[in-house]
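Undergrad: Have a look at this one.
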Number of protein chains: 6
Amino acid sequence: MPEFSRSNHRSLDQLREITLTPGIAPHASGSILAAFGDTRVICAATVDKKAPRWMVQQGIPGGWITAEYSMLPYSTLDRKMRDSTRGKVEGRSMEIQRLIGRSLRAVANLKKLPGMSIWIDCDVLQADGGTRTAAITGAYVAARLAVEKLMAEGKLAESPFIDSVAAVSAGIYRNEELLDLDYVEDRDAAADFNIVMTGSGQFVEVQGSGEEASFSREQLDSLLDLGRKGIAELTVLQNRVIEDSILSKD
Amino acid sequence: MPEFSRSNHRSLDQLREITLTPGIAPHASGSILAAFGDTRVICAATVDKKAPRWMVQQGIPGGWITAEYSMLPYSTLDRKMRDSTRGKVEGRSMEIQRLIGRSLRAVANLKKLPGMSIWIDCDVLQADGGTRTAAITGAYVAARLAVEKLMAEGKLAESPFIDSVAAVSAGIYRNEELLDLDYVEDRDAAADFNIVMTGSGQFVEVQGSGEEASFSREQLDSLLDLGRKGIAELTVLQNRVIEDSILSKD
Amino acid sequence: MPEFSRSNHRSLDQLREITLTPGIAPHASGSILAAFGDTRVICAATVDKKAPRWMVQQGIPGGWITAEYSMLPYSTLDRKMRDSTRGKVEGRSMEIQRLIGRSLRAVANLKKLPGMSIWIDCDVLQADGGTRTAAITGAYVAARLAVEKLMAEGKLAESPFIDSVAAVSAGIYRNEELLDLDYVEDRDAAADFNIVMTGSGQFVEVQGSGEEASFSREQLDSLLDLGRKGIAELTVLQNRVIEDSILSKD
Amino acid sequence: MPEFSRSNHRSLDQLREITLTPGIAPHASGSILAAFGDTRVICAATVDKKAPRWMVQQGIPGGWITAEYSMLPYSTLDRKMRDSTRGKVEGRSMEIQRLIGRSLRAVANLKKLPGMSIWIDCDVLQADGGTRTAAITGAYVAARLAVEKLMAEGKLAESPFIDSVAAVSAGIYRNEELLDLDYVEDRDAAADFNIVMTGSGQFVEVQGSGEEASFSREQLDSLLDLGRKGIAELTVLQNRVIEDSILSKD
Amino acid sequence: MPEFSRSNHRSLDQLREITLTPGIAPHASGSILAAFGDTRVICAATVDKKAPRWMVQQGIPGGWITAEYSMLPYSTLDRKMRDSTRGKVEGRSMEIQRLIGRSLRAVANLKKLPGMSIWIDCDVLQADGGTRTAAITGAYVAARLAVEKLMAEGKLAESPFIDSVAAVSAGIYRNEELLDLDYVEDRDAAADFNIVMTGSGQFVEVQGSGEEASFSREQLDSLLDLGRKGIAELTVLQNRVIEDSILSKD
Amino acid sequence: MPEFSRSNHRSLDQLREITLTPGIAPHASGSILAAFGDTRVICAATVDKKAPRWMVQQGIPGGWITAEYSMLPYSTLDRKMRDSTRGKVEGRSMEIQRLIGRSLRAVANLKKLPGMSIWIDCDVLQADGGTRTAAITGAYVAARLAVEKLMAEGKLAESPFIDSVAAVSAGIYRNEELLDLDYVEDRDAAADFNIVMTGSGQFVEVQGSGEEASFSREQLDSLLDLGRKGIAELTVLQNRVIEDSILSKD
């Protein structure tokens, strides 16, 4: 038993309350408001009817999925300056948007997106730890909804997705391994992992960092086990939202 | 009688359905999701406990209110590139955020914000015409909610606001004067006005432009009359939301 | 009778001394040094023998007129940092150059500029209030001179201009309505309007702003009347300069 | 036995030829040319006699270690455009320099760098896969040499380093797990890990990515084992270079 | 006798018509419109009542003279894009403004500008070759007029200038050595020199470049002789304008 | 006899120890580490199999040679901020890279580089005065090695180079004329020349600047004589390295 208690009486291996609400951005082809506790991220998928220029120039067939991530200025307790005011995208935001893009491409057959680009935009409305994992989890659902819409409109023959993908964090806090850290836990964690896995239980990305500290192989193994548990639960939620959404269209 | 009908059977001098929903961004001091029909704008007010550097350097007493405006990439039917990707804020966005800031300062006594800055962020979630007028109308409410919160916390002695402010568009479309244009009406309008007025019926800003055309003094007068009517209705709504919000805190 | 006197014994509805001197920039197709009292703006029109890329890509026939505005560093009493040093164009400059461009396009039939772009550059040599109205008034003459030159050289069949355009400011200062404010009047004005009208008396743009204050409908009406009077006088001057210039070429 | 052979007859769990040559940049306080086979990276540590501004402003005691990473234009077979020409640092370079900085700080007690900043610059002279792991491995040695110099000059009481740090890659290529991938292996790898560990065998960072694919827990375990083996060998080399360098100064 | 004739029947060692007209920018402390034939440059000196930050921080006594150079968009026959639109100052402009600044500082005792900065802005109104030499020649006069004004106002005890400075070009064109090249001569010159000298006949800068060609020592000597002759004439003109300007103030 | 002695007992007209070491950057087509005493510059030539876009657009036959110059952050005793961090290339770096490019093009027949671009990158590893002259001297050799490689591979019919080119500095220090100034001499020099000459003794560039001072014609003549002597010696070294390198390939 740890000597501390998590907010909302969470156990160490318990996710925060997760909701995936469709329709936040009606002009997008698919959109989800993804909430992991108080962390809320707008995930929107828009479709561009052309492949990126570099694919065309290099003669690569198929299409592309890419992502942009941003924290809205009022998502943090102290207002965060806009990237556009600063004049450049922060290194942290770039890392995260590259991760979101790779995660979605890992479960997609890009050849089945002929001459198309799917843009995934993730804008953090409220930040309380784990924004990148909420973003990936919501982004997959938004992208699937966009794909379903394209198929329903006859613009796409079949889905490029061969599996689902979700993400969760795990970390070492006061010497205990925890699942899905909130902001306070994350800030004081001795190590912090972001784990991205498919619905079928394969790893897509593992990014773990001793926050100016280091960690053992045993700790690493425990964190990966926590991640696997959390992602299995997220996968169930993702599938339910996608199915409900498809049914409501029929 | 015009030879066309407006969507949702609106009459020429009728506002779209207006909603001002508080609480969209809980980390902000005050926030409103402002909807003018299908146009939806997140308006969030955050408070910085210092006056801007230029006021301090020039020894100007009091505080400041400033605004930033942005269209989220998925707010338009074709995805809009982010300003941060383009590397600079668009001229149009700059114009609009300067207008929002001036409008709020016109009804504030900045001396009553000693050593404080209020940031108003307006992010368009869905664009269907009139985003700047929805932004100003929501921004005032968000700013008022932030001020009420500061006063309730004992951080501010009295409200700097001496009047309310709201905005609406009016334009000439197919030779008729219309109130509160949606995207299609705005796109094809021969002239387009944005009118900003106080709750007490004074003008704050009048910006009218013949869209590569020109207009007569009589037309201008009719548009100003439409604006006055719309703003009177918006003022009622603003006051109701502010009162409800204050009551629910007691 | 107001309790103050304007410089040079101007009456409230009197323009400053206006001069429009052609030939300041001989390499341009048309150029004017426009002076409104001590405000002096270089206005130069250059012609690019191709339509802008976006028109070509979207298959829009005709040509384009666009403007750039800048204050030279020594135009103000305290030296003004160059935009190129600051790394970006100021919001205020962008607003003004967009206004100049719209104003000229409002009196032009762009279809009669096949495959051409007219660039209007306005550089402020000395700033004493009303630089944007001097810029618009001079820009129209510079553009007309460029068009006359193109026609004389057989490169353009007929003028794209269907009317003339000029601009003037009007504002409320010490509770009186004034025409054509100089820097000191503008700085302390309670409200400030820029009015753009055609030679035939139609409005093109009306931009009025309570400078952190508000104004009544009656005041607004008086300011529009002043603007109409001033622009009628400016139109006479513009026409005289254009005619003289054409005659001297014969 | 795999169905392919690695260049230079390397076995699957064998490092490339590693050399760490001191003195490449004599004006730096410590410098190393780190070679992992044909990958060669200049690693230079320079010391700034002040803590970064944000530490001073927030009143945080001690000092800081930060890193910058860049690929020289001639490091790749096709010339790589400079970041300064492109006008911004690439997302990939930012990710890598943030990783190098975190890795060094993980083995340092920053309180023992009072009022100092150590800059680690890593410039890739020749790129053949694994530039970030060569950079981290060389960066630690360069930083240690700088610290030894500061101590020898009496400018630092004791070393801030509490452990050593090194990095190596491991990946899945043609269904086999490989240590220390070269460019061709990395380009075609199904999964690619970068592993950063201390000399005492603790993990600092684990970054693994299925390159548009996914991988199992068993594969992940094998890759971590390979990393541990490689880093143990790199640690021996690092210590030897540091000792030789200290001895030669006596 | 050369086989070609220069425009306006100039002999090989003859300057173009030179005029230095004061007062072009009345808000500057000193201003000159410098014309070398059809090359016309606005030169304006403005005074900032503080030394640059780097001098203050390094504790260097005295003041500074610096310059900025720009070609106005309509100065060339094909419109030249603004640096502010391009987002950065061109390499060529930077070279020239650094040269102007060095040239003026070479004849100034900066210790006699206590706590002051003189900004020299040179904006080319019309370019026909030799803009940098016209700029330097005019800049010295503008700076002197600013200094005289400061002295007349009692803000400066004595002039920092210990000599005058002027500049001229010389080049090899169709195998002949020419003084003060116009645009056509410069464009086709085999070698092109810019020579900056003091009124007392000392050299300040010599910049000569074989334009993708090379030149002999004998040719170099002839070009330096031409430069000396031209600068002696320019010095006479500079002194006359300064004296006239001082007299007219008395 | 001067009243000071140069480091390493150099006489006034003696070069520092010069070495030109090939092969520093194996992925480049030709590369040299050029050392003038403690000044060390990486010079690398890479070949792009297309002419620059502006040549193609203007229909100019042949190819192009261009250069980029940068000081590595650890090349100076105080760390130098990267241009990419600063967001723009320094004016000084731009001047130098334009000089390097012009110098190489002056000895090349660009028509003999059909559809090719040679990029010369010069990165300063250690700066002790004269980095631009070391860069030019090394750049020529790197470019020649790249050309020889292209010819050996049958990708180029004949060398575009019609002469060799080298550079050296000369200056006035404590009233004496000196060849090849090191950092301390350069910093305190009253005048500083960079002289670029061909192997056959023609001048390519002469850039001399009184460092906030001026100099006489006699001094100028002496400095040119010193330059000529130094370049003759550098030419011998360049030829030897090129010949050795070609022989070793046979």
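Chains: A, B, ... in order of the structure tokens. Residues: from 1 per chain. Ligands: from 1, in order shown.
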Can you list every residue in region 145-195 of chain D that DSSP puts in strand (DSSP E or B), as a PyMOL selection string?
TA: chain D and resi 161+165-173+176-179+191-195
Undergrad: Please determine the contact residues of chain E with respect to chain C at a cut-off of 7 Å, counting only C-alpha atoms, and supply them as a PyMOL selection string.
TA: chain E and resi 25+27-28+44+46+74-77+79+83-84+87-89+125-126
Undergrad: Save the residues we just selected, C-alpha atoms, as a compact mmCIF listing (two decimals), in the first residue's frame?
TA:
# COMPACT_ATOMS: atom_id res chain seq x y z
CA ALA E 25 12.96 64.27 -44.43
CA HIS E 27 11.52 64.88 -39.01
CA ALA E 28 15.14 63.66 -39.16
CA ALA E 44 18.59 60.74 -43.04
CA THR E 46 18.29 60.57 -36.52
CA TYR E 74 10.08 51.17 -57.03
CA SER E 75 13.77 52.14 -57.22
CA THR E 76 14.48 49.54 -59.89
CA LEU E 77 12.89 49.03 -63.27
CA ARG E 79 9.77 46.10 -58.77
CA ASP E 83 12.91 42.90 -47.19
CA SER E 84 10.01 42.91 -44.72
CA GLY E 87 11.24 38.24 -43.96
CA LYS E 88 14.93 39.02 -43.87
CA VAL E 89 17.43 41.63 -44.96
CA LEU E 125 14.57 56.16 -54.43
CA GLN E 126 16.02 55.49 -57.86
Undergrad: Between CA of Ser248 (chain C) and CA of Ala232 (chain C), what is the distance in Å, rounded to a tenth?
TA: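 So the answer is 24.8 Å.
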Undergrad: Could you list, as a PyMOL selection string, every residue within 7 Å of Ile172 (chain C), counting only C-alpha atoms and ignoring same-chain residues fewer than 5 positions away?
TA: chain C and resi 177-178+189-192
Undergrad: May I have the selected residues written with N, CA and C atoms, as a tab-separated table (two decimals), in the first residue's frame?
TA:
chain	number	residue	atom	x	y	z
C	177	GLU	N	-16.55	68.19	-33.94
C	177	GLU	CA	-16.23	67.34	-35.09
C	177	GLU	C	-15.28	68.09	-36.02
C	178	LEU	N	-14.17	67.43	-36.37
C	178	LEU	CA	-13.12	68.05	-37.19
C	178	LEU	C	-12.88	67.23	-38.46
C	189	ALA	N	-7.94	62.54	-30.03
C	189	ALA	CA	-9.34	62.47	-30.45
C	189	ALA	C	-10.11	61.45	-29.64
C	190	ALA	N	-11.37	61.72	-29.37
C	190	ALA	CA	-12.24	60.76	-28.68
C	190	ALA	C	-12.76	59.72	-29.66
C	191	ALA	N	-12.86	60.10	-30.92
C	191	ALA	CA	-13.26	59.14	-31.95
C	191	ALA	C	-12.56	59.55	-33.23
C	192	ASP	N	-12.30	58.58	-34.06
C	192	ASP	CA	-11.47	58.80	-35.23
C	192	ASP	C	-12.02	57.98	-36.38
Undergrad: With a distance cut-off of 12 Å and only C-alpha atoms, select the neighbouring residues of Arg53 (chain B), excluding the residue or stretch itself and same-chain residues fewer than 5 positions from it, and output the selection as a short mmCIF file (atom, residue, chain, number, x, y, z; two decimals) with all heavy atoms, in the first residue's frame.
TA:
data_model
loop_
_atom_site.label_atom_id
_atom_site.label_comp_id
_atom_site.auth_asym_id
_atom_site.auth_seq_id
_atom_site.Cartn_x
_atom_site.Cartn_y
_atom_site.Cartn_z
N ASP B 48 -3.21 37.94 -15.93
CA ASP B 48 -1.78 37.95 -15.64
C ASP B 48 -1.57 39.01 -14.56
O ASP B 48 -2.03 40.14 -14.70
CB ASP B 48 -1.04 38.32 -16.93
CG ASP B 48 0.42 37.94 -16.91
OD1 ASP B 48 0.90 37.45 -15.88
OD2 ASP B 48 1.08 38.15 -17.94
N GLN B 58 6.73 53.10 -19.23
CA GLN B 58 6.30 54.49 -19.44
C GLN B 58 5.61 55.07 -18.21
O GLN B 58 5.13 56.20 -18.24
CB GLN B 58 5.36 54.57 -20.65
CG GLN B 58 6.03 54.14 -21.96
CD GLN B 58 5.05 54.20 -23.14
OE1 GLN B 58 4.14 55.00 -23.17
NE2 GLN B 58 5.28 53.34 -24.11
N GLY B 59 5.55 54.27 -17.13
CA GLY B 59 4.97 54.78 -15.88
C GLY B 59 3.48 55.05 -15.94
O GLY B 59 2.96 55.90 -15.22
N ILE B 60 2.77 54.31 -16.83
CA ILE B 60 1.32 54.49 -16.94
C ILE B 60 0.64 53.66 -15.86
O ILE B 60 0.89 52.47 -15.74
CB ILE B 60 0.83 54.06 -18.34
CG1 ILE B 60 1.54 54.89 -19.42
CG2 ILE B 60 -0.68 54.18 -18.46
CD1 ILE B 60 1.27 54.44 -20.83
N PRO B 61 -0.22 54.28 -15.05
CA PRO B 61 -0.87 53.52 -13.99
C PRO B 61 -1.98 52.62 -14.55
O PRO B 61 -2.41 52.79 -15.69
CB PRO B 61 -1.46 54.61 -13.08
CG PRO B 61 -1.70 55.75 -14.00
CD PRO B 61 -0.65 55.67 -15.08
N GLY B 63 -3.97 48.91 -15.62
CA GLY B 63 -3.67 47.64 -16.27
C GLY B 63 -4.09 47.66 -17.72
O GLY B 63 -4.30 48.74 -18.30
N TRP B 64 -4.22 46.49 -18.34
CA TRP B 64 -4.45 46.41 -19.77
C TRP B 64 -5.35 45.23 -20.10
O TRP B 64 -5.41 44.25 -19.37
CB TRP B 64 -3.10 46.27 -20.48
CG TRP B 64 -3.13 46.50 -21.96
CD1 TRP B 64 -2.87 45.59 -22.93
CD2 TRP B 64 -3.43 47.73 -22.64
NE1 TRP B 64 -2.98 46.17 -24.17
CE2 TRP B 64 -3.33 47.48 -24.02
CE3 TRP B 64 -3.77 49.00 -22.20
CZ2 TRP B 64 -3.57 48.45 -24.99
CZ3 TRP B 64 -4.02 49.98 -23.16
CH2 TRP B 64 -3.91 49.71 -24.53
N GLY B 115 -1.98 47.00 -12.06
CA GLY B 115 -0.95 45.97 -12.19
C GLY B 115 -1.46 44.65 -12.71
O GLY B 115 -0.97 43.59 -12.32
N MET B 116 -2.44 44.68 -13.59
CA MET B 116 -3.01 43.44 -14.12
C MET B 116 -3.13 43.51 -15.64
O MET B 116 -3.29 44.59 -16.20
CB MET B 116 -4.43 43.23 -13.59
CG MET B 116 -4.49 42.76 -12.18
SD MET B 116 -6.19 42.35 -11.74
CE MET B 116 -5.93 42.05 -9.98
N SER B 117 -3.08 42.33 -16.28
CA SER B 117 -3.40 42.23 -17.70
C SER B 117 -4.47 41.16 -17.86
O SER B 117 -4.33 40.08 -17.30
CB SER B 117 -2.17 41.80 -18.51
OG SER B 117 -1.13 42.74 -18.38
#
Undergrad: Between CA of Glu211 (chain F) and CA of Ile231 (chain F), what is the spacing in Å?
TA: 23.2 Å
Undergrad: Find the residues around region 216-220 of chain E up to 8 Å (only C-alpha atoms counted), leave out those fewer than 3 positions away in its own chain, and share them as a PDB file with C-alpha atoms, in the first residue's frame.
TA:
ATOM      1  CA  GLU E 177      39.191  52.474 -66.609  1.00  0.00           C
ATOM      2  CA  LEU E 223      41.313  52.716 -60.545  1.00  0.00           C
ATOM      3  CA  LEU E 224      42.648  54.022 -57.236  1.00  0.00           C
TER       4      LEU E 224
ATOM      5  CA  GLY F 201      49.106  36.590 -60.133  1.00  0.00           C
ATOM      6  CA  GLN F 202      45.955  38.463 -61.105  1.00  0.00           C
ATOM      7  CA  PHE F 203      43.733  40.070 -58.484  1.00  0.00           C
TER       8      PHE F 203
END
Undergrad: So that I can see what lies close to Val196 (chain D), please list as a ChimeraX atom specification the residues with an atom at most 12 Å from it, counting only C-alpha atoms and leaving out residues fewer than 4 positions away in the same chain.
TA: /A:207-210,213-215 /D:99-104,106-107,132-137,140,164-170,200-208,224,226-232,234-235
Undergrad: Just the number, please: distance in Å from CA of Leu110 (chain A) to CA of Ala152 (chain A), one decimal.
TA: 19.1 Å
Undergrad: Could you tell me, as a ChimeraX atom specification, which residues of region 33-73 of chain B DSSP assigns to helix (DSSP H, G or I) when given the backbone?
TA: /B:53-58
